[in-house]
$ cat my_file_0.txt   # compact mmCIF, C-alpha atoms (C1' of nucleotides)
# COMPACT_ATOMS: atom_id res chain seq x y z
CA MET A 1 23.37 33.08 0.94
CA ASN A 2 23.28 33.22 -2.87
CA ASP A 3 21.10 31.29 -5.29
CA THR A 4 23.65 28.57 -5.85
CA GLU A 5 23.98 27.93 -2.16
CA TRP A 6 20.22 27.76 -1.74
CA LEU A 7 19.97 25.15 -4.47
CA ARG A 8 22.79 23.20 -2.88
CA LEU A 9 21.07 23.27 0.49
CA ASP A 10 17.82 22.19 -1.09
CA ARG A 11 19.59 19.30 -2.73
CA GLN A 12 21.06 18.27 0.61
CA ILE A 13 17.75 18.46 2.44
CA CYS A 14 15.75 16.76 -0.29
CA PHE A 15 18.30 14.06 -0.40
CA SER A 16 18.49 13.60 3.37
CA LEU A 17 14.78 13.21 3.70
CA HIS A 18 14.40 11.01 0.69
CA ALA A 19 17.29 8.84 1.81
CA ALA A 20 16.02 8.58 5.39
CA SER A 21 12.62 7.52 4.20
CA ARG A 22 14.09 4.89 1.91
CA ALA A 23 16.52 3.69 4.57
CA PHE A 24 13.65 3.18 7.00
CA ASN A 25 11.75 1.36 4.35
CA GLY A 26 14.79 -0.81 3.72
CA VAL A 27 15.15 -1.83 7.37
CA TYR A 28 11.47 -2.66 7.65
CA ARG A 29 11.68 -4.57 4.39
CA VAL A 30 14.39 -6.82 5.75
CA ILE A 31 12.73 -7.31 9.14
CA LEU A 32 9.23 -7.79 7.76
CA LYS A 33 10.39 -10.28 5.17
CA ASP A 34 10.06 -13.01 7.82
CA LEU A 35 6.41 -12.07 8.29
CA GLY A 36 5.76 -11.91 4.57
CA LEU A 37 4.64 -8.29 4.82
CA THR A 38 5.66 -5.11 3.08
CA TYR A 39 5.99 -1.92 5.10
CA PRO A 40 2.59 -0.46 4.08
CA GLN A 41 0.95 -3.83 4.66
CA TYR A 42 2.49 -3.89 8.15
CA LEU A 43 0.99 -0.45 8.81
CA VAL A 44 -2.44 -1.78 7.88
CA MET A 45 -2.01 -4.83 10.09
CA LEU A 46 -0.88 -2.66 13.01
CA VAL A 47 -4.06 -0.62 12.76
CA LEU A 48 -6.22 -3.74 12.57
CA TRP A 49 -4.46 -5.38 15.53
CA GLU A 50 -4.95 -2.25 17.56
CA GLN A 51 -8.46 -1.28 16.59
CA GLY A 52 -10.08 -4.42 15.28
CA ASP A 53 -12.06 -4.79 12.09
CA LEU A 54 -12.51 -1.56 10.15
CA PRO A 55 -14.09 -0.45 6.88
CA VAL A 56 -11.66 0.54 4.13
CA LYS A 57 -12.71 4.15 4.64
CA LYS A 58 -11.60 4.22 8.28
CA LEU A 59 -8.34 2.49 7.42
CA GLY A 60 -7.70 5.16 4.85
CA GLU A 61 -8.35 7.92 7.37
CA GLN A 62 -5.97 6.38 9.89
CA LEU A 63 -3.21 5.95 7.35
CA ARG A 64 -4.07 8.86 5.06
CA LEU A 65 -4.22 6.55 2.10
CA ASP A 66 -6.92 6.57 -0.53
CA SER A 67 -8.77 3.62 -2.04
CA GLY A 68 -6.47 3.67 -5.04
CA THR A 69 -3.68 2.53 -2.75
CA LEU A 70 -5.68 0.55 -0.21
CA SER A 71 -7.92 -1.52 -2.45
CA PRO A 72 -5.16 -3.52 -4.13
CA LEU A 73 -3.12 -3.65 -0.90
CA VAL A 74 -6.01 -5.13 1.08
CA LYS A 75 -6.66 -7.56 -1.74
CA ARG A 76 -3.08 -8.77 -1.44
CA LEU A 77 -3.54 -9.19 2.33
CA GLU A 78 -6.68 -11.15 1.54
CA GLY A 79 -4.74 -13.25 -0.95
CA ALA A 80 -2.21 -13.98 1.81
CA GLY A 81 -5.09 -15.15 4.04
CA LEU A 82 -4.54 -12.46 6.66
CA VAL A 83 -7.82 -10.60 6.23
CA ARG A 84 -11.32 -11.09 4.85
CA ARG A 85 -13.31 -8.40 3.07
CA GLU A 86 -17.03 -8.27 3.57
CA ARG A 87 -19.66 -5.85 2.31
CA SER A 88 -21.45 -4.18 5.17
CA ALA A 89 -25.11 -5.14 5.47
CA GLU A 90 -26.27 -1.72 6.69
CA ASP A 91 -24.38 0.24 4.07
CA GLU A 92 -23.65 -1.73 0.95
CA ARG A 93 -21.07 0.83 -0.20
CA SER A 94 -18.85 -0.03 2.72
CA VAL A 95 -16.42 -2.97 2.89
CA LEU A 96 -15.36 -4.22 6.30
CA VAL A 97 -11.79 -5.49 6.54
CA GLN A 98 -11.63 -8.27 9.12
CA LEU A 99 -8.65 -10.13 10.56
CA THR A 100 -8.65 -13.86 9.90
CA GLU A 101 -7.27 -16.27 12.49
CA ASP A 102 -3.94 -16.24 10.64
CA GLY A 103 -4.00 -12.46 10.55
CA ALA A 104 -4.67 -12.20 14.27
CA ALA A 105 -2.04 -14.84 15.02
CA LEU A 106 0.59 -12.96 13.05
CA ARG A 107 0.53 -10.29 15.74
CA GLU A 108 2.48 -12.59 18.04
CA ARG A 109 5.30 -12.83 15.55
CA ALA A 110 5.20 -9.05 14.98
CA LEU A 111 5.81 -8.24 18.63
CA GLU A 112 9.56 -8.38 18.19
CA VAL A 113 9.56 -5.92 15.27
CA PRO A 114 9.50 -2.64 17.24
CA ARG A 115 12.52 -3.61 19.33
CA ARG A 116 14.48 -4.63 16.28
CA ILE A 117 13.63 -1.34 14.58
CA MET A 118 14.58 0.64 17.66
CA SER A 119 17.94 -1.01 17.88
CA ALA A 120 18.43 -0.51 14.14
CA THR A 121 18.00 3.24 14.50
CA GLY A 122 20.57 3.41 17.27
CA PHE A 123 18.29 5.98 18.94
CA ASP A 124 16.94 5.66 22.45
CA LEU A 125 13.28 5.97 23.31
CA ALA A 126 13.45 9.68 24.13
CA GLU A 127 15.16 10.50 20.85
CA ILE A 128 12.61 8.48 18.93
CA VAL A 129 9.72 10.21 20.63
CA ASP A 130 11.33 13.59 19.99
CA LEU A 131 11.94 12.78 16.35
CA ARG A 132 8.36 11.65 16.01
CA ALA A 133 7.10 14.94 17.43
CA ARG A 134 9.28 16.88 15.03
CA LEU A 135 8.14 14.85 12.05
CA ASP A 136 4.50 15.30 13.00
CA GLN A 137 5.03 19.03 13.30
CA LEU A 138 6.68 19.02 9.89
CA THR A 139 3.88 16.98 8.38
CA SER A 140 1.12 19.27 9.55
CA ALA A 141 3.02 22.34 8.36
CA LEU A 142 3.61 20.67 5.00
CA ASP A 143 0.03 19.48 4.62
CA ALA A 144 -1.23 23.00 5.34
CA ALA A 145 1.28 24.48 2.90
CA ALA A 146 0.45 22.01 0.16
CA GLU A 147 -3.19 22.90 0.62
CA ALA A 148 -2.33 26.61 0.39
CA GLU A 149 -0.18 26.06 -2.71
CA ALA A 150 -2.90 24.04 -4.37
CA ARG A 151 -5.39 26.78 -3.58
CA ALA A 152 -3.04 29.44 -4.97
CA ALA A 153 -2.64 27.43 -8.16
CA ARG A 154 -6.39 27.54 -8.77
CA MET B 155 6.12 -0.83 28.59
CA ASN B 156 4.18 -3.93 27.53
CA ASP B 157 3.93 -5.51 24.09
CA THR B 158 0.76 -3.73 23.15
CA GLU B 159 2.31 -0.38 23.96
CA TRP B 160 5.38 -1.20 21.90
CA LEU B 161 3.24 -2.05 18.92
CA ARG B 162 1.28 1.15 19.37
CA LEU B 163 4.47 3.19 19.51
CA ASP B 164 5.78 1.46 16.43
CA ARG B 165 2.57 2.27 14.63
CA GLN B 166 2.92 5.90 15.62
CA ILE B 167 6.53 6.15 14.52
CA CYS B 168 6.07 4.27 11.28
CA PHE B 169 3.13 6.41 10.50
CA SER B 170 4.88 9.68 11.39
CA LEU B 171 7.81 8.92 9.17
CA HIS B 172 5.75 7.58 6.34
CA ALA B 173 3.42 10.56 6.54
CA ALA B 174 6.26 13.09 6.71
CA SER B 175 7.89 11.60 3.69
CA ARG B 176 4.65 11.66 1.73
CA ALA B 177 3.81 15.19 2.90
CA PHE B 178 7.20 16.41 1.68
CA ASN B 179 6.63 14.65 -1.57
CA GLY B 180 3.23 16.30 -1.82
CA VAL B 181 4.57 19.82 -1.34
CA TYR B 182 7.31 19.27 -3.90
CA ARG B 183 4.76 17.77 -6.26
CA VAL B 184 2.65 20.91 -6.15
CA ILE B 185 5.61 23.30 -6.42
CA LEU B 186 7.42 21.32 -9.11
CA LYS B 187 4.31 20.98 -11.22
CA ASP B 188 5.10 24.39 -12.76
CA LEU B 189 8.49 23.07 -13.85
CA GLY B 190 7.04 19.84 -15.19
CA LEU B 191 9.24 17.78 -12.87
CA THR B 192 8.55 15.06 -10.32
CA TYR B 193 10.42 15.09 -7.05
CA PRO B 194 12.98 12.42 -8.03
CA GLN B 195 13.46 14.11 -11.40
CA TYR B 196 14.13 17.38 -9.57
CA LEU B 197 16.78 15.60 -7.48
CA VAL B 198 18.51 14.46 -10.66
CA MET B 199 18.36 17.94 -12.16
CA LEU B 200 19.78 19.47 -8.96
CA VAL B 201 22.79 17.17 -9.17
CA LEU B 202 23.33 17.95 -12.84
CA TRP B 203 23.01 21.71 -12.29
CA GLU B 204 25.52 21.51 -9.48
CA GLN B 205 28.04 19.11 -10.93
CA GLY B 206 27.56 19.23 -14.67
CA ASP B 207 27.26 16.25 -16.99
CA LEU B 208 27.61 12.88 -15.28
CA PRO B 209 27.45 9.21 -16.24
CA VAL B 210 24.41 7.31 -14.94
CA LYS B 211 26.71 5.48 -12.52
CA LYS B 212 27.81 8.69 -10.79
CA LEU B 213 24.24 9.96 -10.65
CA GLY B 214 23.26 6.74 -8.97
CA GLU B 215 26.02 7.06 -6.39
CA GLN B 216 25.03 10.63 -5.55
CA LEU B 217 21.37 9.75 -5.17
CA ARG B 218 21.74 6.16 -4.01
CA LEU B 219 19.52 4.97 -6.80
CA ASP B 220 20.21 2.02 -9.06
CA SER B 221 19.86 1.75 -12.81
CA GLY B 222 16.46 0.13 -12.43
CA THR B 223 15.17 3.43 -11.12
CA LEU B 224 17.44 5.82 -13.00
CA SER B 225 17.29 4.42 -16.51
CA PRO B 226 13.59 5.03 -17.08
CA LEU B 227 13.69 8.30 -15.12
CA VAL B 228 16.51 9.70 -17.25
CA LYS B 229 14.70 8.55 -20.37
CA ARG B 230 11.70 10.59 -19.29
CA LEU B 231 13.92 13.62 -18.74
CA GLU B 232 15.29 13.02 -22.22
CA GLY B 233 11.76 12.81 -23.58
CA ALA B 234 11.06 16.18 -21.95
CA GLY B 235 14.08 17.61 -23.76
CA LEU B 236 15.98 18.44 -20.56
CA VAL B 237 18.91 16.05 -21.00
CA ARG B 238 20.70 14.09 -23.70
CA ARG B 239 22.16 10.63 -23.19
CA GLU B 240 25.36 9.75 -24.96
CA ARG B 241 27.50 6.63 -24.86
CA SER B 242 30.98 7.46 -23.67
CA ALA B 243 33.65 7.01 -26.34
CA GLU B 244 36.35 5.81 -23.93
CA ASP B 245 34.11 3.34 -22.12
CA GLU B 246 31.20 2.14 -24.18
CA ARG B 247 29.46 0.71 -21.12
CA SER B 248 29.03 4.19 -19.70
CA VAL B 249 26.27 6.63 -20.67
CA LEU B 250 26.89 10.32 -20.07
CA VAL B 251 23.82 12.33 -19.04
CA GLN B 252 24.16 15.87 -20.36
CA LEU B 253 22.02 18.94 -19.79
CA THR B 254 20.45 20.38 -22.91
CA GLU B 255 19.98 24.15 -23.29
CA ASP B 256 16.42 23.75 -22.01
CA GLY B 257 17.65 21.68 -19.11
CA ALA B 258 20.27 24.25 -18.14
CA ALA B 259 17.76 27.08 -18.57
CA LEU B 260 15.27 25.39 -16.25
CA ARG B 261 17.65 26.11 -13.38
CA GLU B 262 16.64 29.78 -13.44
CA ARG B 263 13.04 28.84 -12.84
CA ALA B 264 14.04 26.38 -10.12
CA LEU B 265 15.80 29.02 -8.05
CA GLU B 266 12.61 29.95 -6.25
CA VAL B 267 11.84 26.38 -5.22
CA PRO B 268 14.02 26.19 -2.07
CA ARG B 269 12.50 29.33 -0.56
CA ARG B 270 8.99 28.10 -1.22
CA ILE B 271 9.80 24.77 0.38
CA MET B 272 11.38 26.45 3.39
CA SER B 273 8.34 28.58 3.96
CA ALA B 274 6.11 25.53 3.51
CA THR B 275 7.89 23.72 6.33
CA GLY B 276 7.45 26.64 8.69
CA PHE B 277 10.95 25.85 9.98
CA ASP B 278 13.80 28.33 10.03
CA LEU B 279 17.20 27.65 8.56
CA ALA B 280 18.74 26.41 11.82
CA GLU B 281 15.90 23.95 12.41
CA ILE B 282 16.18 22.66 8.86
CA VAL B 283 19.90 22.15 9.16
CA ASP B 284 19.43 20.40 12.50
CA LEU B 285 16.71 18.16 11.12
CA ARG B 286 18.94 17.30 8.19
CA ALA B 287 21.76 16.31 10.52
CA ARG B 288 19.41 14.10 12.50
CA LEU B 289 18.01 12.46 9.39
CA ASP B 290 21.50 11.78 8.06
CA GLN B 291 22.47 10.23 11.38
CA LEU B 292 19.34 8.10 11.25
CA THR B 293 20.03 7.07 7.67
CA SER B 294 23.55 5.86 8.34
CA ALA B 295 22.42 3.95 11.42
CA LEU B 296 19.61 2.38 9.42
CA ASP B 297 21.79 1.53 6.44
CA ALA B 298 24.29 -0.15 8.74
CA ALA B 299 21.52 -2.03 10.55
CA ALA B 300 19.87 -3.17 7.31
CA GLU B 301 23.23 -4.46 6.19
CA ALA B 302 23.67 -6.30 9.50
CA GLU B 303 20.14 -7.74 9.28
CA ALA B 304 20.69 -8.86 5.71
CA ARG B 305 23.95 -10.49 6.75
CA ALA B 306 22.24 -12.21 9.70
CA ALA B 307 19.55 -13.54 7.36
CA ARG B 308 22.16 -15.27 5.21
C1' DC C 309 -41.72 10.07 -5.31
C1' DA C 310 -37.96 11.66 -8.35
C1' DC C 311 -33.79 13.38 -9.01
C1' DA C 312 -29.53 15.61 -7.83
C1' DA C 313 -25.61 15.60 -4.72
C1' DC C 314 -22.76 12.98 -2.22
C1' DT C 315 -20.14 8.92 -0.56
C1' DA C 316 -17.41 4.33 -0.57
C1' DA C 317 -14.90 1.37 -3.08
C1' DG C 318 -12.72 0.07 -7.03
C1' DT C 319 -10.22 0.81 -11.68
C1' DT C 320 -6.87 2.86 -14.80
C1' DG C 321 -2.70 5.07 -15.89
C1' DT C 322 1.79 7.23 -14.59
C1' DG C 323 5.88 7.33 -12.01
C1' DC C 324 9.11 5.66 -8.38
C1' DA C 325 11.82 1.87 -5.58
C1' DC C 326 13.92 -2.22 -5.68
C1' DA C 327 15.08 -7.18 -6.57
C1' DA C 328 16.54 -10.21 -10.02
C1' DC C 329 18.10 -10.74 -14.32
C1' DT C 330 20.33 -9.79 -19.10
C1' DA C 331 23.60 -7.74 -22.46
C1' DA C 332 27.63 -5.66 -23.66
C1' DA C 333 32.10 -3.84 -22.73
C1' DT C 334 36.30 -3.87 -20.00
C1' DG C 335 40.34 -5.52 -17.50
C1' DG C 336 43.11 -8.83 -15.44
C1' DC C 337 45.33 -13.32 -15.56
C1' DT C 338 47.35 -17.25 -17.25
C1' DA D 339 45.76 -14.49 -27.46
C1' DG D 340 41.93 -16.54 -24.80
C1' DC D 341 39.06 -16.71 -20.99
C1' DC D 342 36.77 -15.22 -16.88
C1' DA D 343 35.31 -11.96 -13.38
C1' DT D 344 33.74 -7.40 -13.01
C1' DT D 345 31.38 -3.30 -14.33
C1' DT D 346 27.69 -0.39 -16.51
C1' DA D 347 23.18 0.06 -18.39
C1' DG D 348 19.08 -1.59 -19.27
C1' DT D 349 14.87 -4.80 -18.70
C1' DT D 350 11.26 -7.24 -16.22
C1' DG D 351 8.17 -7.89 -12.54
C1' DT D 352 6.06 -6.54 -8.02
C1' DG D 353 4.31 -3.24 -4.98
C1' DC D 354 3.21 1.54 -3.45
C1' DA D 355 1.38 6.58 -4.13
C1' DC D 356 -1.64 9.35 -6.23
C1' DA D 357 -4.62 11.65 -9.77
C1' DA D 358 -8.60 11.00 -12.44
C1' DC D 359 -12.32 8.42 -13.33
C1' DT D 360 -16.22 4.81 -12.79
C1' DT D 361 -19.79 2.28 -10.35
C1' DA D 362 -23.06 1.54 -7.08
C1' DG D 363 -25.39 2.76 -3.01
C1' DT D 364 -27.18 6.53 0.10
C1' DT D 365 -29.14 10.89 1.43
C1' DG D 366 -31.40 15.22 0.97
C1' DT D 367 -34.58 18.35 -1.40
C1' DG D 368 -38.18 20.04 -4.19

$ encode --input "my_file_0.txt" --output "structure tokens"
Amino acid sequence: MNDTEWLRLDRQICFSLHAASRAFNGVYRVILKDLGLTYPQYLVMLVLWEQGDLPVKKLGEQLRLDSGTLSPLVKRLEGAGLVRRERSAEDERSVLVQLTEDGAALRERALEVPRRIMSATGFDLAEIVDLRARLDQLTSALDAAAEAEARAAR
Amino acid sequence: MNDTEWLRLDRQICFSLHAASRAFNGVYRVILKDLGLTYPQYLVMLVLWEQGDLPVKKLGEQLRLDSGTLSPLVKRLEGAGLVRRERSAEDERSVLVQLTEDGAALRERALEVPRRIMSATGFDLAEIVDLRARLDQLTSALDAAAEAEARAAR
DNA sequence: CACAACTAAGTTGTGCACAACTAAATGGCT
DNA sequence: AGCCATTTAGTTGTGCACAACTTAGTTGTG
């Protein structure tokens, strides 16, 4: 394979990934519109529904998002009345994000989302699980490589 | 599978995809830093290197991006001296994006990017090509579904 | 105890994605 | 020719991602 072909392949792969990510986002956008949530906000709500109230720090660890992204996002959820934020008494640095009644109730309406997404992909459960495994593998390889690249750059 | 398990699975899949997309972005960010390009800017440059000067419209079709995203992005590329923008003489609505000498020359330095990305993924060529096929399949299913959902919402 | 190192959250600034809108040019139709 | 629908860019506003920085609280060490 020559240089030109490599660049072409890179363009195709970049594009495929970028497009897939945006397409997923687009489907969630349409489906989540009913719930008044964006895709990242839905991710936060999913974690809270599953694990209960959490400090911003823990949320960030679960979702690999930093406070620069989470702080304003959680504030918007608070503005929508879905969560409350409360300074922890033991450690005043920490802010506990708590579901409100509305936030907890929204879970009922969210229960149909996964099925709608599944059917939107046209994949069956096994394919989804396989894809997920592959993506996770990719992510850990990429995270490690980014770390190595960053180290090399120093 | 009960509701709770569906929500958990959805969380896992959402997260995997979201994380993979961001991890890819992160690796490109580090590697492209040397070239002074962001990931979406690199995508635009790849198309221009491959296909020569193009109107904004054609760029948008290739990358599935609208003018709201492309206009400021191309302006930044122009600011960096990599492209020129020029109103078409035949059709004054159209703006032709042209590579400058610097823009064309940058291609030489970009030639190493695909190999570095490949090695960052830890995947071999066959796996990459397979993943790409799967992602494309997913994207077209999702695009069709989003369209159907949007239609249903009307 | 005092002070340095660290930690959690938030702020600021840049860039991208996308919806909704505007402005200008074009092309078709009567 | 005159008018209207369409097309192409661009603008505006919202939200997310992330780097760099700030602020305030906590912890460890001399």

$ closest_atom_pairs --input "my_file_0.txt" --of "chain A" --to "chain D" --cutoff "9 Å" --atoms "only C-alpha atoms (C1' of nucleotides)" --output "CSV"
residue,atom,partner,partner_atom,distance
A:Thr38,CA,D:DG353,C1',8.4
A:Pro40,CA,D:DC354,C1',7.8
A:Leu65,CA,D:DA355,C1',8.4
A:Asp66,CA,D:DC356,C1',8.3
A:Gly68,CA,D:DC356,C1',7.6
A:Thr69,CA,D:DA355,C1',6.6
A:Leu73,CA,D:DG353,C1',8.5
A:Asp91,CA,D:DG363,C1',7.6
A:Glu92,CA,D:DG363,C1',6.2
A:Arg93,CA,D:DG363,C1',5.5

$ atom_distance --input "my_file_0.txt" --atom1 "atom CA of Asp10 of chain A" --atom2 "atom CA of Pro268 of chain B"
5.6 Å

$ atom_distance --input "my_file_0.txt" --atom1 "atom CA of Glu86 of chain A" --atom2 "atom CA of Leu37 of chain A"
21.7 Å

$ residues_around --input "my_file_0.txt" --residues "Leu279 of chain B" --least-positions-apart "6" --cutoff "10 Å" --atoms "all atoms listed in the file" --output "MDAnalysis selection string"
(chainID A and resid 9) or (chainID B and resid 272 285)

$ atom_distance --input "my_file_0.txt" --atom1 "atom CA of Ser119 of chain A" --atom2 "atom CA of Gln137 of chain A"
24.3 Å

$ closest_atom_pairs --input "my_file_0.txt" --of "chain C" --to "chain B" --cutoff "12 Å" --atoms "all atoms listed in the file" --output "Markdown table"
| residue | atom | partner | partner_atom | distance |
| --- | --- | --- | --- | --- |
| C:DT322 | C1' | B:Thr192 | CA | 11.2 |
| C:DG323 | C1' | B:Thr192 | CA | 8.4 |
| C:DC324 | C1' | B:Thr223 | CA | 7.0 |
| C:DA325 | C1' | B:Thr223 | CA | 6.7 |
| C:DC326 | C1' | B:Gly222 | CA | 7.6 |
| C:DA327 | C1' | B:Gly222 | CA | 9.5 |
| C:DA328 | C1' | B:Gly222 | CA | 10.6 |
| C:DC329 | C1' | B:Gly222 | CA | 11.2 |
| C:DA331 | C1' | B:Arg247 | CA | 10.4 |
| C:DA332 | C1' | B:Arg247 | CA | 7.1 |
| C:DA333 | C1' | B:Arg247 | CA | 5.5 |
| C:DT334 | C1' | B:Asp245 | CA | 7.8 |
| C:DG335 | C1' | B:Asp245 | CA | 11.8 |

$ closest_atom_pairs --input "my_file_0.txt" --of "chain B" --to "chain A" --cutoff "7 Å" --atoms "all atoms listed in the file" --output "Markdown table"
| residue | atom | partner | partner_atom | distance |
| --- | --- | --- | --- | --- |
| B:Asp157 | CA | A:Leu111 | CA | 6.4 |
| B:Trp160 | CA | A:Pro114 | CA | 6.4 |
| B:Leu161 | CA | A:Pro114 | CA | 6.5 |
| B:Asp164 | CA | A:Pro114 | CA | 5.6 |
| B:Arg165 | CA | A:Leu46 | CA | 6.2 |
| B:Ile167 | CA | A:Arg132 | CA | 6.0 |
| B:Ser170 | CA | A:Asp136 | CA | 5.9 |
| B:Leu171 | CA | A:Leu135 | CA | 6.6 |
| B:Ala173 | CA | A:Thr139 | CA | 6.7 |
| B:Ala174 | CA | A:Thr139 | CA | 4.9 |
| B:Ser175 | CA | A:Ser21 | CA | 6.3 |
| B:Ala177 | CA | A:Thr139 | CA | 5.8 |
| B:Phe178 | CA | A:Leu142 | CA | 6.5 |
| B:Gly180 | CA | A:Ala146 | CA | 6.7 |
| B:Val181 | CA | A:Ala146 | CA | 4.9 |
| B:Val184 | CA | A:Ala150 | CA | 6.6 |
| B:Leu197 | CA | A:Arg11 | CA | 6.6 |
| B:Leu200 | CA | A:Arg11 | CA | 6.2 |
| B:Leu265 | CA | A:Asp3 | CA | 6.4 |
| B:Pro268 | CA | A:Asp10 | CA | 5.6 |
| B:Ala274 | CA | A:Ala145 | CA | 5.0 |
| B:Thr275 | CA | A:Leu142 | CA | 5.4 |
| B:Gly276 | CA | A:Ala141 | CA | 6.2 |
| B:Arg286 | CA | A:Ile13 | CA | 6.0 |
| B:Leu289 | CA | A:Ala20 | CA | 5.9 |
| B:Asp290 | CA | A:Ser16 | CA | 5.9 |
| B:Leu292 | CA | A:Thr121 | CA | 6.0 |
| B:Thr293 | CA | A:Ala20 | CA | 4.9 |
| B:Ala295 | CA | A:Thr121 | CA | 5.4 |
| B:Leu296 | CA | A:Thr121 | CA | 5.4 |
| B:Asp297 | CA | A:Ala23 | CA | 6.0 |
| B:Ala299 | CA | A:Ala120 | CA | 5.0 |
| B:Ala300 | CA | A:Val27 | CA | 4.9 |
| B:Glu303 | CA | A:Val30 | CA | 6.8 |
| B:Ala304 | CA | A:Val30 | CA | 6.6 |

$ closest_residue --input "my_file_0.txt" --among "A:Ala152, A:Val56, A:Val83, A:Leu99" --to "DA317 of chain C" --atoms "only C-alpha atoms (C1' of nucleotides)"
A:Val56

$ residues_around --input "my_file_0.txt" --residues "Glu255 of chain B" --least-positions-apart "2" --cutoff "9 Å" --atoms "all atoms listed in the file" --output "list in words"
Gly235, Leu236, Val237, Leu253, Gly257, Ala258, Ala259 and Leu260 of chain B

$ closest_residue --input "my_file_0.txt" --among "A:Leu54, A:Glu127, A:Gly36, A:Leu48" --to "Ser88 of chain A" --atoms "only C-alpha atoms"
A:Leu54

$ build_atoms --input "my_file_0.txt" --residues "segment 212-226 of chain B" --atoms "N, CA and C atoms" --output "mmCIF file, in the coordinates of the input"
data_model
loop_
_atom_site.group_PDB
_atom_site.id
_atom_site.type_symbol
_atom_site.label_atom_id
_atom_site.label_comp_id
_atom_site.auth_asym_id
_atom_site.auth_seq_id
_atom_site.Cartn_x
_atom_site.Cartn_y
_atom_site.Cartn_z
ATOM 1 N N LYS B 212 27.524 7.647 -11.778
ATOM 2 C CA LYS B 212 27.810 8.690 -10.790
ATOM 3 C C LYS B 212 26.519 9.276 -10.222
ATOM 4 N N LEU B 213 25.552 9.481 -11.109
ATOM 5 C CA LEU B 213 24.240 9.960 -10.650
ATOM 6 C C LEU B 213 23.689 9.013 -9.594
ATOM 7 N N GLY B 214 23.772 7.743 -9.884
ATOM 8 C CA GLY B 214 23.260 6.740 -8.970
ATOM 9 C C GLY B 214 23.970 6.766 -7.627
ATOM 10 N N GLU B 215 25.275 6.992 -7.652
ATOM 11 C CA GLU B 215 26.020 7.060 -6.390
ATOM 12 C C GLU B 215 25.576 8.278 -5.579
ATOM 13 N N GLN B 216 25.438 9.412 -6.247
ATOM 14 C CA GLN B 216 25.030 10.630 -5.550
ATOM 15 C C GLN B 216 23.664 10.456 -4.891
ATOM 16 N N LEU B 217 22.761 9.803 -5.616
ATOM 17 C CA LEU B 217 21.370 9.750 -5.170
ATOM 18 C C LEU B 217 21.024 8.403 -4.534
ATOM 19 N N ARG B 218 21.996 7.514 -4.492
ATOM 20 C CA ARG B 218 21.740 6.160 -4.010
ATOM 21 C C ARG B 218 20.561 5.502 -4.705
ATOM 22 N N LEU B 219 20.552 5.629 -6.006
ATOM 23 C CA LEU B 219 19.520 4.970 -6.800
ATOM 24 C C LEU B 219 20.203 4.058 -7.803
ATOM 25 N N ASP B 220 19.585 2.929 -8.107
ATOM 26 C CA ASP B 220 20.210 2.020 -9.060
ATOM 27 C C ASP B 220 19.660 2.252 -10.463
ATOM 28 N N SER B 221 20.226 1.516 -11.405
ATOM 29 C CA SER B 221 19.860 1.750 -12.810
ATOM 30 C C SER B 221 18.400 1.398 -13.068
ATOM 31 N N GLY B 222 17.875 0.493 -12.264
ATOM 32 C CA GLY B 222 16.460 0.130 -12.430
ATOM 33 C C GLY B 222 15.536 1.301 -12.212
ATOM 34 N N THR B 223 15.954 2.219 -11.346
ATOM 35 C CA THR B 223 15.170 3.430 -11.120
ATOM 36 C C THR B 223 15.598 4.546 -12.074
ATOM 37 N N LEU B 224 16.922 4.683 -12.238
ATOM 38 C CA LEU B 224 17.440 5.820 -13.000
ATOM 39 C C LEU B 224 17.220 5.722 -14.502
ATOM 40 N N SER B 225 17.383 4.529 -15.054
ATOM 41 C CA SER B 225 17.290 4.420 -16.510
ATOM 42 C C SER B 225 15.974 4.960 -17.050
ATOM 43 N N PRO B 226 14.844 4.481 -16.557
ATOM 44 C CA PRO B 226 13.590 5.030 -17.080
ATOM 45 C C PRO B 226 13.389 6.508 -16.728
#
